[in-house]
file run37.txt (compact mmCIF, C-alpha atoms)
# COMPACT_ATOMS: atom_id res chain seq x y z
CA MET A 1 153.68 68.96 107.50
CA GLN A 2 152.22 71.44 109.98
CA SER A 3 153.77 72.14 113.35
CA ASP A 4 150.54 73.82 114.50
CA THR A 5 147.28 72.56 112.97
CA THR A 6 145.26 75.34 114.62
CA LEU A 7 147.29 78.25 113.28
CA HIS A 8 148.33 76.18 110.23
CA LEU A 9 152.03 76.81 110.69
CA PHE A 10 154.38 74.60 108.69
CA TYR A 11 157.64 73.15 109.88
CA PRO A 12 160.61 75.34 108.83
CA SER A 13 161.98 72.61 106.52
CA VAL A 14 158.77 72.38 104.45
CA CYS A 15 158.63 74.12 101.09
CA PHE A 16 155.86 74.55 98.53
CA GLU A 17 157.43 71.92 96.26
CA ASP A 18 156.93 69.30 98.99
CA VAL A 19 153.20 69.98 99.03
CA LEU A 20 153.00 70.01 95.25
CA GLU A 21 154.90 66.72 95.03
CA ARG A 22 152.33 64.93 97.17
CA TYR A 23 149.44 66.21 95.10
CA ASP A 24 151.28 65.16 91.95
CA PHE A 25 151.95 61.68 93.35
CA ASP A 26 148.30 61.27 94.35
CA ARG A 27 147.07 62.35 90.91
CA LYS A 28 149.35 59.85 89.13
CA LEU A 29 148.36 57.05 91.50
CA ARG A 30 144.67 57.71 90.83
CA LEU A 31 145.26 57.53 87.07
CA ILE A 32 146.97 54.15 87.44
CA LEU A 33 144.17 52.81 89.60
CA PHE A 34 141.49 54.04 87.23
CA GLY A 35 143.04 51.95 84.45
CA GLY A 36 142.89 48.87 86.68
CA ILE A 37 139.30 49.58 87.66
CA GLU A 38 138.34 49.72 83.98
CA ARG A 39 139.64 46.17 83.45
CA ILE A 40 137.92 44.84 86.55
CA GLU A 41 134.62 46.56 85.79
CA ILE A 42 134.51 45.17 82.24
CA ALA A 43 135.30 41.67 83.51
CA VAL A 44 132.58 41.81 86.18
CA ARG A 45 129.99 43.18 83.75
CA THR A 46 130.82 40.55 81.13
CA SER A 47 130.67 37.71 83.64
CA LEU A 48 127.32 38.85 85.08
CA ILE A 49 125.75 39.15 81.65
CA TYR A 50 127.18 35.89 80.30
CA HIS A 51 126.53 33.43 83.11
CA LEU A 52 123.14 34.68 84.28
CA SER A 53 121.74 35.31 80.80
CA LEU A 54 122.66 31.80 79.68
CA ALA A 55 121.03 30.29 82.75
CA TYR A 56 117.92 32.48 83.12
CA GLY A 57 117.43 34.48 79.93
CA GLY A 58 118.09 38.07 78.93
CA LEU A 59 115.68 39.57 81.48
CA TRP A 60 117.06 37.70 84.49
CA TYR A 61 117.80 40.94 86.34
CA LEU A 62 114.03 41.55 86.61
CA ASN A 63 113.29 38.14 88.17
CA PRO A 64 112.76 38.62 91.95
CA ALA A 65 113.13 34.86 92.51
CA LEU A 66 116.88 35.19 91.84
CA PHE A 67 117.45 37.83 94.51
CA GLU A 68 117.45 38.08 98.28
CA ILE A 69 114.29 39.46 99.87
CA ALA A 70 116.15 41.73 102.30
CA SER A 71 114.65 45.21 102.25
CA LYS A 72 115.62 48.72 103.26
CA ILE A 73 113.72 51.94 103.84
CA LYS A 74 114.38 54.97 101.65
CA ASN A 75 112.28 58.14 101.79
CA GLY A 76 109.86 56.34 104.08
CA VAL A 77 109.25 53.53 101.55
CA SER A 78 110.35 49.95 102.23
CA LYS A 79 111.64 48.08 99.19
CA THR A 80 113.85 45.07 98.64
CA THR A 81 117.48 45.83 97.84
CA HIS A 82 116.80 44.31 94.43
CA LEU A 83 114.02 46.81 93.68
CA HIS A 84 116.18 49.72 94.83
CA THR A 85 118.94 48.56 92.49
CA LEU A 86 116.47 48.19 89.62
CA GLY A 87 115.41 51.78 90.22
CA GLU A 88 119.00 52.98 89.92
CA LEU A 89 119.52 50.84 86.83
CA GLN A 90 116.41 52.31 85.22
CA LYS A 91 117.62 55.86 85.92
CA GLU A 92 120.93 55.08 84.20
CA PHE A 93 119.01 53.56 81.29
CA VAL A 94 116.74 56.61 80.84
CA ARG A 95 119.51 59.19 80.92
CA SER A 96 121.96 57.21 78.77
CA GLN A 97 123.04 58.83 75.50
CA GLU A 98 124.46 55.62 74.04
CA LEU A 99 123.18 55.02 70.51
CA PHE A 100 122.22 51.39 71.15
CA ILE A 101 120.13 52.47 74.15
CA LYS A 102 118.46 55.26 72.18
CA ASP A 103 117.77 52.77 69.39
CA HIS A 104 116.14 50.34 71.85
CA GLN A 105 113.96 53.11 73.28
CA ARG A 106 112.85 54.06 69.76
CA ARG A 107 112.26 50.52 68.46
CA CYS A 108 110.82 48.98 71.64
CA PRO A 109 109.12 51.77 73.63
CA GLY A 110 108.15 50.68 77.11
CA GLN A 111 109.82 47.27 76.77
CA PRO A 112 112.67 46.27 79.11
CA ALA A 113 116.10 45.86 77.59
CA ASP A 114 117.99 42.59 77.77
CA ALA A 115 120.84 42.35 80.25
CA TRP A 116 123.51 42.67 77.55
CA LYS A 117 122.11 46.11 76.76
CA ILE A 118 121.12 47.62 80.09
CA LEU A 119 124.09 46.32 82.11
CA GLU A 120 126.45 47.71 79.49
CA ILE A 121 125.68 51.22 80.77
CA ALA A 122 125.42 50.30 84.48
CA SER A 123 127.90 51.93 86.84
CA MET A 124 130.35 49.91 88.92
CA GLY A 125 128.31 50.77 91.99
CA THR A 126 125.09 49.44 90.45
CA LEU A 127 126.83 46.25 89.26
CA SER A 128 128.16 45.78 92.79
CA LYS A 129 124.70 46.16 94.35
CA LEU A 130 123.13 43.86 91.78
CA TYR A 131 125.68 41.12 92.44
CA LYS A 132 125.37 41.51 96.20
CA SER A 133 121.58 41.11 96.11
CA ILE A 134 121.73 37.83 94.12
CA LYS A 135 120.77 34.84 96.28
CA ILE A 136 123.80 33.31 97.93
CA ASN A 137 122.77 29.77 96.93
CA LEU A 138 122.47 30.64 93.25
CA PRO A 139 125.25 28.62 91.53
CA GLU A 140 126.08 31.44 89.12
CA LYS A 141 126.99 33.76 91.99
CA GLY A 142 129.77 31.41 93.04
CA ILE A 143 130.84 30.83 89.44
CA ILE A 144 131.26 34.56 88.85
CA ALA A 145 133.37 34.98 92.00
CA ASN A 146 135.47 31.96 91.00
CA LYS A 147 136.04 33.42 87.55
CA MET A 148 137.58 36.43 89.31
CA GLY A 149 139.90 34.21 91.35
CA ILE A 150 137.92 34.25 94.61
CA ASN A 151 136.28 31.21 96.21
CA SER A 152 133.79 33.17 98.31
CA PRO A 153 130.92 35.20 96.79
CA HIS A 154 130.64 37.11 100.07
CA VAL A 155 134.30 38.18 99.92
CA PHE A 156 134.01 39.10 96.24
CA SER A 157 130.93 41.20 96.94
CA GLY A 158 132.87 43.14 99.57
CA TRP A 159 135.75 43.66 97.13
CA MET A 160 133.37 45.07 94.53
CA GLU A 161 131.92 47.51 97.05
CA SER A 162 135.34 48.77 98.12
CA ILE A 163 136.53 49.12 94.50
CA ALA A 164 133.36 51.00 93.58
CA TYR A 165 134.02 53.31 96.54
CA ILE A 166 137.55 54.08 95.35
CA ARG A 167 136.25 54.54 91.81
CA ASN A 168 133.85 57.23 93.03
CA ILE A 169 136.65 59.01 94.88
CA ILE A 170 138.78 59.04 91.74
CA ALA A 171 135.90 60.08 89.47
CA HIS A 172 135.32 63.14 91.67
CA HIS A 173 139.04 64.03 91.63
CA SER A 174 139.31 63.63 95.39
CA ARG A 175 142.53 62.67 97.14
CA LEU A 176 143.36 59.15 98.31
CA TRP A 177 146.15 60.64 100.43
CA GLY A 178 145.57 59.85 104.09
CA ARG A 179 141.99 58.76 103.48
CA THR A 180 140.28 56.38 105.88
CA MET A 181 138.22 53.97 103.82
CA VAL A 182 134.48 53.73 104.51
CA LYS A 183 134.30 50.46 102.55
CA ARG A 184 136.95 47.88 103.49
CA PRO A 185 137.45 44.56 101.66
CA GLY A 186 137.74 41.25 103.45
CA MET A 187 141.34 40.08 103.19
CA GLN A 188 140.91 36.46 104.32
CA LEU A 189 141.13 34.36 101.14
CA ASN A 190 140.68 30.61 101.31
CA ASN A 191 143.03 28.92 98.84
CA PRO A 192 143.83 32.05 96.80
CA GLN A 193 144.28 31.27 93.13
CA GLY A 194 147.21 33.64 92.78
CA ALA A 195 149.92 35.34 94.84
CA TRP A 196 148.47 36.83 98.03
CA PHE A 197 149.61 37.95 101.49
CA SER A 198 151.63 35.64 103.71
CA GLN A 199 150.91 37.73 106.82
CA PRO A 200 147.65 39.34 108.02
CA LEU A 201 147.38 43.05 107.33
CA LYS A 202 147.67 45.52 110.17
CA GLN A 203 144.60 47.55 111.07
CA GLY A 204 146.19 50.69 109.64
CA GLN A 205 146.63 48.94 106.30
CA MET A 206 143.02 47.78 106.35
CA ASP A 207 141.76 51.29 107.07
CA LYS A 208 143.74 52.91 104.25
CA PRO A 209 143.57 52.48 100.44
CA PHE A 210 146.36 49.86 100.51
CA SER A 211 143.95 46.99 101.18
CA THR A 212 141.66 47.80 98.24
CA ILE A 213 144.60 48.60 95.95
CA SER A 214 146.02 45.16 96.80
CA CYS A 215 142.70 43.52 95.89
CA MET A 216 142.77 45.32 92.55
CA VAL A 217 146.32 44.11 91.88
CA TYR A 218 145.24 40.52 92.68
CA LEU A 219 142.24 40.71 90.33
CA CYS A 220 144.20 42.25 87.46
CA CYS A 221 146.90 39.57 87.79
CA PHE A 222 144.30 36.78 87.89
CA LEU A 223 142.50 38.16 84.83
CA ASN A 224 145.65 37.43 82.84
CA GLN A 225 146.34 41.12 82.45
CA PRO A 226 149.95 42.17 82.16
CA GLN A 227 151.27 43.16 85.55
CA ASP A 228 151.64 46.75 84.37
CA MET A 229 149.37 48.14 87.09
CA LYS A 230 151.51 46.68 89.88
CA ARG A 231 154.66 47.64 88.05
CA GLU A 232 153.40 51.20 87.50
CA ILE A 233 152.55 51.60 91.20
CA ILE A 234 155.99 50.36 92.27
CA ASP A 235 157.72 52.58 89.69
CA LEU A 236 155.68 55.58 90.86
CA ILE A 237 156.64 54.96 94.49
CA ASN A 238 160.30 54.64 93.51
CA ALA A 239 160.09 57.88 91.51
CA TYR A 240 158.83 59.79 94.58
CA PRO A 241 161.08 58.60 97.43
CA ARG A 242 160.23 61.60 99.62
CA VAL A 243 156.49 60.93 99.62
CA PRO A 244 155.57 59.04 102.83
CA ILE A 245 153.48 56.23 101.39
CA TYR A 246 152.45 54.97 104.83
CA LYS A 247 149.68 57.56 104.48
CA TYR A 248 148.12 55.15 101.96
CA GLY A 249 148.73 52.11 104.17
CA PHE A 250 151.97 51.00 102.50
CA PHE A 251 153.76 50.04 105.72
CA ASN A 252 157.31 48.69 106.05
CA GLY A 253 157.69 45.27 104.43
CA TRP A 254 154.82 45.61 101.97
CA GLN A 255 157.05 44.77 99.00
CA ALA A 256 158.17 41.52 100.59
CA GLU A 257 154.64 40.10 100.39
CA PRO A 258 154.10 37.57 97.53
CA LEU A 259 151.37 39.73 95.95
CA TRP A 260 153.72 42.69 95.57
CA LYS A 261 156.94 40.89 94.64

call {"tool": "encode", "arguments": {"input": "run37.txt", "output": "structure tokens"}}
result
Amino acid sequence: MQSDTTLHLFYPSVCFEDVLERYDFDRKLRLILFGGIERIEIAVRTSLIYHLSLAYGGLWYLNPALFEIASKIKNGVSKTTHLHTLGELQKEFVRSQELFIKDHQRRCPGQPADAWKILEIASMGTLSKLYKSIKINLPEKGIIANKMGINSPHVFSGWMESIAYIRNIIAHHSRLWGRTMVKRPGMQLNNPQGAWFSQPLKQGQMDKPFSTISCMVYLCCFLNQPQDMKREIIDLINAYPRVPIYKYGFFNGWQAEPLWK
């Protein structure tokens, strides 16, 4: 809305209410998305705990044989991605104030907690890293992706990363408006199990929140959730006709796609 971005001069037609409206729209959009992320995060956590614990026991997350051996260097120390993720998981476990975690620490000092305890307090980012580091040929990795409506574990892993990225933006009360996404989901779905896109997304849509928001809508619909998240987004856009939603990647024709109908 600025005619001069150096001197920060606004166009004559711009008023304070226009600026306020865009902030208000962004805040309401983030609240809608956070509700969808909650559903997805619970579903991912439940599926990880259920399928892997049944197959490999409650302490499966500690078993290095189930994870890729790829490593990375942090603070001059080389560790596998699995070990790095375990370190983050342990930090979350130690600082947790949940009563069931405190009870475990009191009753079983020094003993690792079963997956249905420790993963209950894991962040979306940690769950995403844990899933990504699971060996690609492990049957349960494919089963979990399939339970979320995606036939490729690699694609699902990328979706989780991009959703975790948006979750962090929202949790820190940052704007999605005009943001270029650092984490971008793969949008090529083989035999999607629900309504999806009939046309490839433009690069501008991939770079903006629209691509990840669309993935969230797909997941929520597949999880047999009421389509209130999609409906709420559409209603919000209709309620703010002056807000240029292309800044989020909602380009012309987006509502004609099967996913958004």

call {"tool": "closest_residue", "arguments": {"input": "run37.txt", "among": "A:Tyr248, A:Phe93, A:Phe25, A:Tyr61", "to": "Trp177 (chain A)", "atoms": "only C-alpha atoms"}}
result
A:Tyr248

call {"tool": "closest_residue", "arguments": {"input": "run37.txt", "among": "A:Met216, A:Ile118, A:Leu130, A:Leu259", "to": "Phe34 (chain A)", "atoms": "all atoms listed in the file"}}
result
A:Met216

call {"tool": "residues_around", "arguments": {"input": "run37.txt", "residues": "region 77-83 of chain A", "least_positions_apart": "6", "cutoff": "12 Å", "atoms": "only C-alpha atoms", "output": "list in words"}}
result
Trp60, Tyr61, Leu62, Asn63, Pro64, Ala65, Leu66, Phe67, Glu68, Ile69, Ala70, Ser71, Leu89, Gln90, Thr126, Leu127, Ser128, Lys129, Leu130, Tyr131, Lys132, Ser133, Ile134 and Lys135 of chain A

call {"tool": "residues_near_point", "arguments": {"input": "run37.txt", "point": "(109.9, 44.9, 81.8)", "cutoff": "8 Å", "atoms": "only C-alpha atoms", "output": "PyMOL selection string"}}
result
chain A and resi 59+62+110-113

call {"tool": "atom_distance", "arguments": {"input": "run37.txt", "atom1": "CA of Gly194 (chain A)", "atom2": "CA of Cys221 (chain A)"}}
result
7.8 Å

call {"tool": "atom_distance", "arguments": {"input": "run37.txt", "atom1": "CA of His104 (chain A)", "atom2": "CA of Met160 (chain A)"}}
result
29.0 Å

call {"tool": "closest_residue", "arguments": {"input": "run37.txt", "among": "A:Gln193, A:Asn252, A:Ser174, A:Thr212", "to": "Gly36 (chain A)", "atoms": "only C-alpha atoms"}}
result
A:Thr212

call {"tool": "closest_residue", "arguments": {"input": "run37.txt", "among": "A:Ala171, A:Leu236, A:Met124, A:Ala145", "to": "Arg45 (chain A)", "atoms": "only C-alpha atoms"}}
result
A:Met124

call {"tool": "residues_near_point", "arguments": {"input": "run37.txt", "point": "(151.2, 53.2, 87.3)", "cutoff": "9 Å", "atoms": "only C-alpha atoms", "output": "compact mmCIF listing (two decimals) with C-alpha atoms, keeping the file's coordinate frame"}}
result
# COMPACT_ATOMS: atom_id res chain seq x y z
CA LYS A 28 149.35 59.85 89.13
CA LEU A 29 148.36 57.05 91.50
CA ARG A 30 144.67 57.71 90.83
CA LEU A 31 145.26 57.53 87.07
CA ILE A 32 146.97 54.15 87.44
CA LEU A 33 144.17 52.81 89.60
CA GLY A 35 143.04 51.95 84.45
CA ASP A 228 151.64 46.75 84.37
CA MET A 229 149.37 48.14 87.09
CA LYS A 230 151.51 46.68 89.88
CA ARG A 231 154.66 47.64 88.05
CA GLU A 232 153.40 51.20 87.50
CA ILE A 233 152.55 51.60 91.20
CA ILE A 234 155.99 50.36 92.27
CA ASP A 235 157.72 52.58 89.69
CA LEU A 236 155.68 55.58 90.86

call {"tool": "atom_distance", "arguments": {"input": "run37.txt", "atom1": "CA of His51 (chain A)", "atom2": "CA of Leu138 (chain A)"}}
result
11.3 Å

call {"tool": "closest_residue", "arguments": {"input": "run37.txt", "among": "A:Cys15, A:Met181, A:Met148, A:Leu7", "to": "Ser47 (chain A)", "atoms": "all atoms listed in the file"}}
result
A:Met148

call {"tool": "residues_around", "arguments": {"input": "run37.txt", "residues": "Asp18 (chain A)", "least_positions_apart": "5", "cutoff": "12 Å", "atoms": "all atoms listed in the file", "output": "mmCIF file with C-alpha atoms, keeping the file's coordinate frame"}}
result
data_model
loop_
_atom_site.group_PDB
_atom_site.id
_atom_site.type_symbol
_atom_site.label_atom_id
_atom_site.label_comp_id
_atom_site.auth_asym_id
_atom_site.auth_seq_id
_atom_site.Cartn_x
_atom_site.Cartn_y
_atom_site.Cartn_z
ATOM 1 C CA MET A 1 153.680 68.960 107.500
ATOM 2 C CA PHE A 10 154.380 74.600 108.690
ATOM 3 C CA TYR A 11 157.640 73.150 109.880
ATOM 4 C CA SER A 13 161.980 72.610 106.520
ATOM 5 C CA TYR A 23 149.440 66.210 95.100
ATOM 6 C CA ASP A 24 151.280 65.160 91.950
ATOM 7 C CA PHE A 25 151.950 61.680 93.350
ATOM 8 C CA TYR A 240 158.830 59.790 94.580
ATOM 9 C CA PRO A 241 161.080 58.600 97.430
ATOM 10 C CA ARG A 242 160.230 61.600 99.620
ATOM 11 C CA VAL A 243 156.490 60.930 99.620
ATOM 12 C CA PRO A 244 155.570 59.040 102.830
#

call {"tool": "closest_residue", "arguments": {"input": "run37.txt", "among": "A:Ile166, A:Ile42, A:Ala55, A:Ile237", "to": "Cys215 (chain A)", "atoms": "all atoms listed in the file"}}
result
A:Ile166

call {"tool": "residues_around", "arguments": {"input": "run37.txt", "residues": "Gln188 (chain A)", "least_positions_apart": "3", "cutoff": "10 Å", "atoms": "only C-alpha atoms", "output": "PyMOL selection string"}}
result
chain A and resi 152+155+185+191-192+196-197+200-201

call {"tool": "axis_aligned_box", "arguments": {"input": "run37.txt", "around": "region 57-60 of chain A", "padding_each_side": "8 Å", "output": "JSON"}}
result
{"center_x": 116.9, "center_y": 37.0, "center_z": 81.7, "size_x": 18.4, "size_y": 21.1, "size_z": 21.6}

call {"tool": "residues_around", "arguments": {"input": "run37.txt", "residues": "Phe251 (chain A)", "least_positions_apart": "5", "cutoff": "12 Å", "atoms": "all atoms listed in the file", "output": "MDAnalysis selection string"}}
result
chainID A and resid 201:206 208:211 244:246 256:257

call {"tool": "decode", "arguments": {"input": "run37.txt", "residues": "region 79-195 of chain A", "atoms": "C-alpha atoms", "output": "tab-separated table (two decimals), in the first residue's frame"}}
result
chain	number	residue	atom	x	y	z
A	79	LYS	CA	25.15	-37.52	15.22
A	80	THR	CA	22.48	-39.40	13.33
A	81	THR	CA	19.26	-37.49	12.74
A	82	HIS	CA	17.60	-40.05	15.00
A	83	LEU	CA	19.91	-39.21	17.91
A	84	HIS	CA	19.38	-35.48	17.40
A	85	THR	CA	15.62	-36.03	17.51
A	86	LEU	CA	15.93	-38.15	20.65
A	87	GLY	CA	17.82	-35.28	22.26
A	88	GLU	CA	14.99	-32.87	21.48
A	89	LEU	CA	12.44	-35.39	22.70
A	90	GLN	CA	14.32	-35.81	25.97
A	91	LYS	CA	14.43	-32.04	26.51
A	92	GLU	CA	10.66	-31.86	26.06
A	93	PHE	CA	10.27	-34.77	28.48
A	94	VAL	CA	12.44	-33.17	31.19
A	95	ARG	CA	10.76	-29.77	31.09
A	96	SER	CA	7.20	-31.11	30.82
A	97	GLN	CA	4.82	-30.18	33.64
A	98	GLU	CA	2.23	-32.81	32.71
A	99	LEU	CA	1.17	-34.83	35.75
A	100	PHE	CA	1.59	-38.20	34.02
A	101	ILE	CA	5.17	-37.27	33.07
A	102	LYS	CA	5.96	-36.07	36.59
A	103	ASP	CA	4.46	-39.30	37.94
A	104	HIS	CA	6.68	-41.38	35.63
A	105	GLN	CA	9.78	-39.45	36.71
A	106	ARG	CA	8.89	-40.06	40.36
A	107	ARG	CA	7.95	-43.75	40.03
A	108	CYS	CA	10.59	-44.78	37.48
A	109	PRO	CA	13.61	-42.49	37.92
A	110	GLY	CA	16.13	-42.85	35.13
A	111	GLN	CA	13.93	-45.24	33.13
A	112	PRO	CA	12.74	-44.30	29.63
A	113	ALA	CA	9.04	-43.69	29.14
A	114	ASP	CA	6.98	-45.73	26.71
A	115	ALA	CA	6.03	-44.08	23.43
A	116	TRP	CA	2.43	-43.48	24.53
A	117	LYS	CA	3.79	-41.27	27.31
A	118	ILE	CA	6.74	-39.43	25.82
A	119	LEU	CA	5.23	-38.79	22.37
A	120	GLU	CA	2.13	-37.36	24.02
A	121	ILE	CA	4.15	-34.26	24.94
A	122	ALA	CA	6.26	-34.13	21.74
A	123	SER	CA	5.90	-31.04	19.57
A	124	MET	CA	4.69	-31.22	15.97
A	125	GLY	CA	8.23	-30.44	14.85
A	126	THR	CA	9.69	-33.34	16.84
A	127	LEU	CA	7.01	-35.74	15.57
A	128	SER	CA	7.81	-34.62	12.03
A	129	LYS	CA	11.55	-35.26	12.48
A	130	LEU	CA	10.92	-38.62	14.13
A	131	TYR	CA	8.71	-39.78	11.28
A	132	LYS	CA	11.14	-38.52	8.66
A	133	SER	CA	14.06	-40.43	10.18
A	134	ILE	CA	12.19	-43.78	10.19
A	135	LYS	CA	13.59	-46.16	7.56
A	136	ILE	CA	11.77	-45.81	4.27
A	137	ASN	CA	11.36	-49.59	3.89
A	138	LEU	CA	9.70	-49.98	7.29
A	139	PRO	CA	6.10	-51.09	6.52
A	140	GLU	CA	4.64	-48.97	9.31
A	141	LYS	CA	5.97	-45.78	7.73
A	142	GLY	CA	3.85	-46.41	4.64
A	143	ILE	CA	0.86	-47.49	6.73
A	144	ILE	CA	0.93	-44.23	8.70
A	145	ALA	CA	1.07	-42.13	5.51
A	146	ASN	CA	-1.77	-44.19	4.02
A	147	LYS	CA	-3.88	-43.66	7.13
A	148	MET	CA	-3.55	-39.92	6.45
A	149	GLY	CA	-4.70	-40.34	2.86
A	150	ILE	CA	-1.28	-40.19	1.18
A	151	ASN	CA	0.34	-43.07	-0.73
A	152	SER	CA	3.91	-41.78	-0.41
A	153	PRO	CA	5.77	-41.60	2.94
A	154	HIS	CA	8.20	-39.13	1.36
A	155	VAL	CA	5.37	-36.76	0.38
A	156	PHE	CA	3.73	-37.10	3.79
A	157	SER	CA	7.01	-36.33	5.53
A	158	GLY	CA	7.29	-33.12	3.51
A	159	TRP	CA	3.71	-32.18	4.41
A	160	MET	CA	4.45	-32.65	8.10
A	161	GLU	CA	7.50	-30.41	7.86
A	162	SER	CA	5.59	-27.62	6.12
A	163	ILE	CA	2.68	-27.84	8.59
A	164	ALA	CA	5.09	-27.75	11.53
A	165	TYR	CA	6.66	-24.65	9.97
A	166	ILE	CA	3.30	-22.88	9.72
A	167	ARG	CA	2.46	-24.00	13.26
A	168	ASN	CA	5.60	-22.28	14.56
A	169	ILE	CA	4.73	-19.08	12.71
A	170	ILE	CA	1.26	-19.08	14.25
A	171	ALA	CA	2.52	-19.97	17.74
A	172	HIS	CA	4.81	-16.93	17.66
A	173	HIS	CA	1.95	-14.66	16.48
A	174	SER	CA	3.77	-13.84	13.25
A	175	ARG	CA	1.96	-12.88	10.06
A	176	LEU	CA	1.26	-15.29	7.20
A	177	TRP	CA	0.49	-12.27	5.01
A	178	GLY	CA	2.85	-12.16	2.05
A	179	ARG	CA	5.18	-14.74	3.58
A	180	THR	CA	7.44	-16.82	1.37
A	181	MET	CA	7.48	-20.34	2.78
A	182	VAL	CA	10.82	-21.87	3.75
A	183	LYS	CA	9.24	-25.34	3.88
A	184	ARG	CA	7.13	-26.24	0.84
A	185	PRO	CA	5.05	-29.44	0.54
A	186	GLY	CA	5.17	-31.70	-2.48
A	187	MET	CA	1.89	-31.34	-4.36
A	188	GLN	CA	2.17	-34.35	-6.69
A	189	LEU	CA	-0.19	-36.97	-5.25
A	190	ASN	CA	-0.47	-40.38	-6.89
A	191	ASN	CA	-4.07	-41.59	-6.74
A	192	PRO	CA	-5.25	-39.10	-4.07
A	193	GLN	CA	-7.81	-40.63	-1.76
A	194	GLY	CA	-9.91	-37.48	-1.68
A	195	ALA	CA	-10.60	-34.33	-3.69
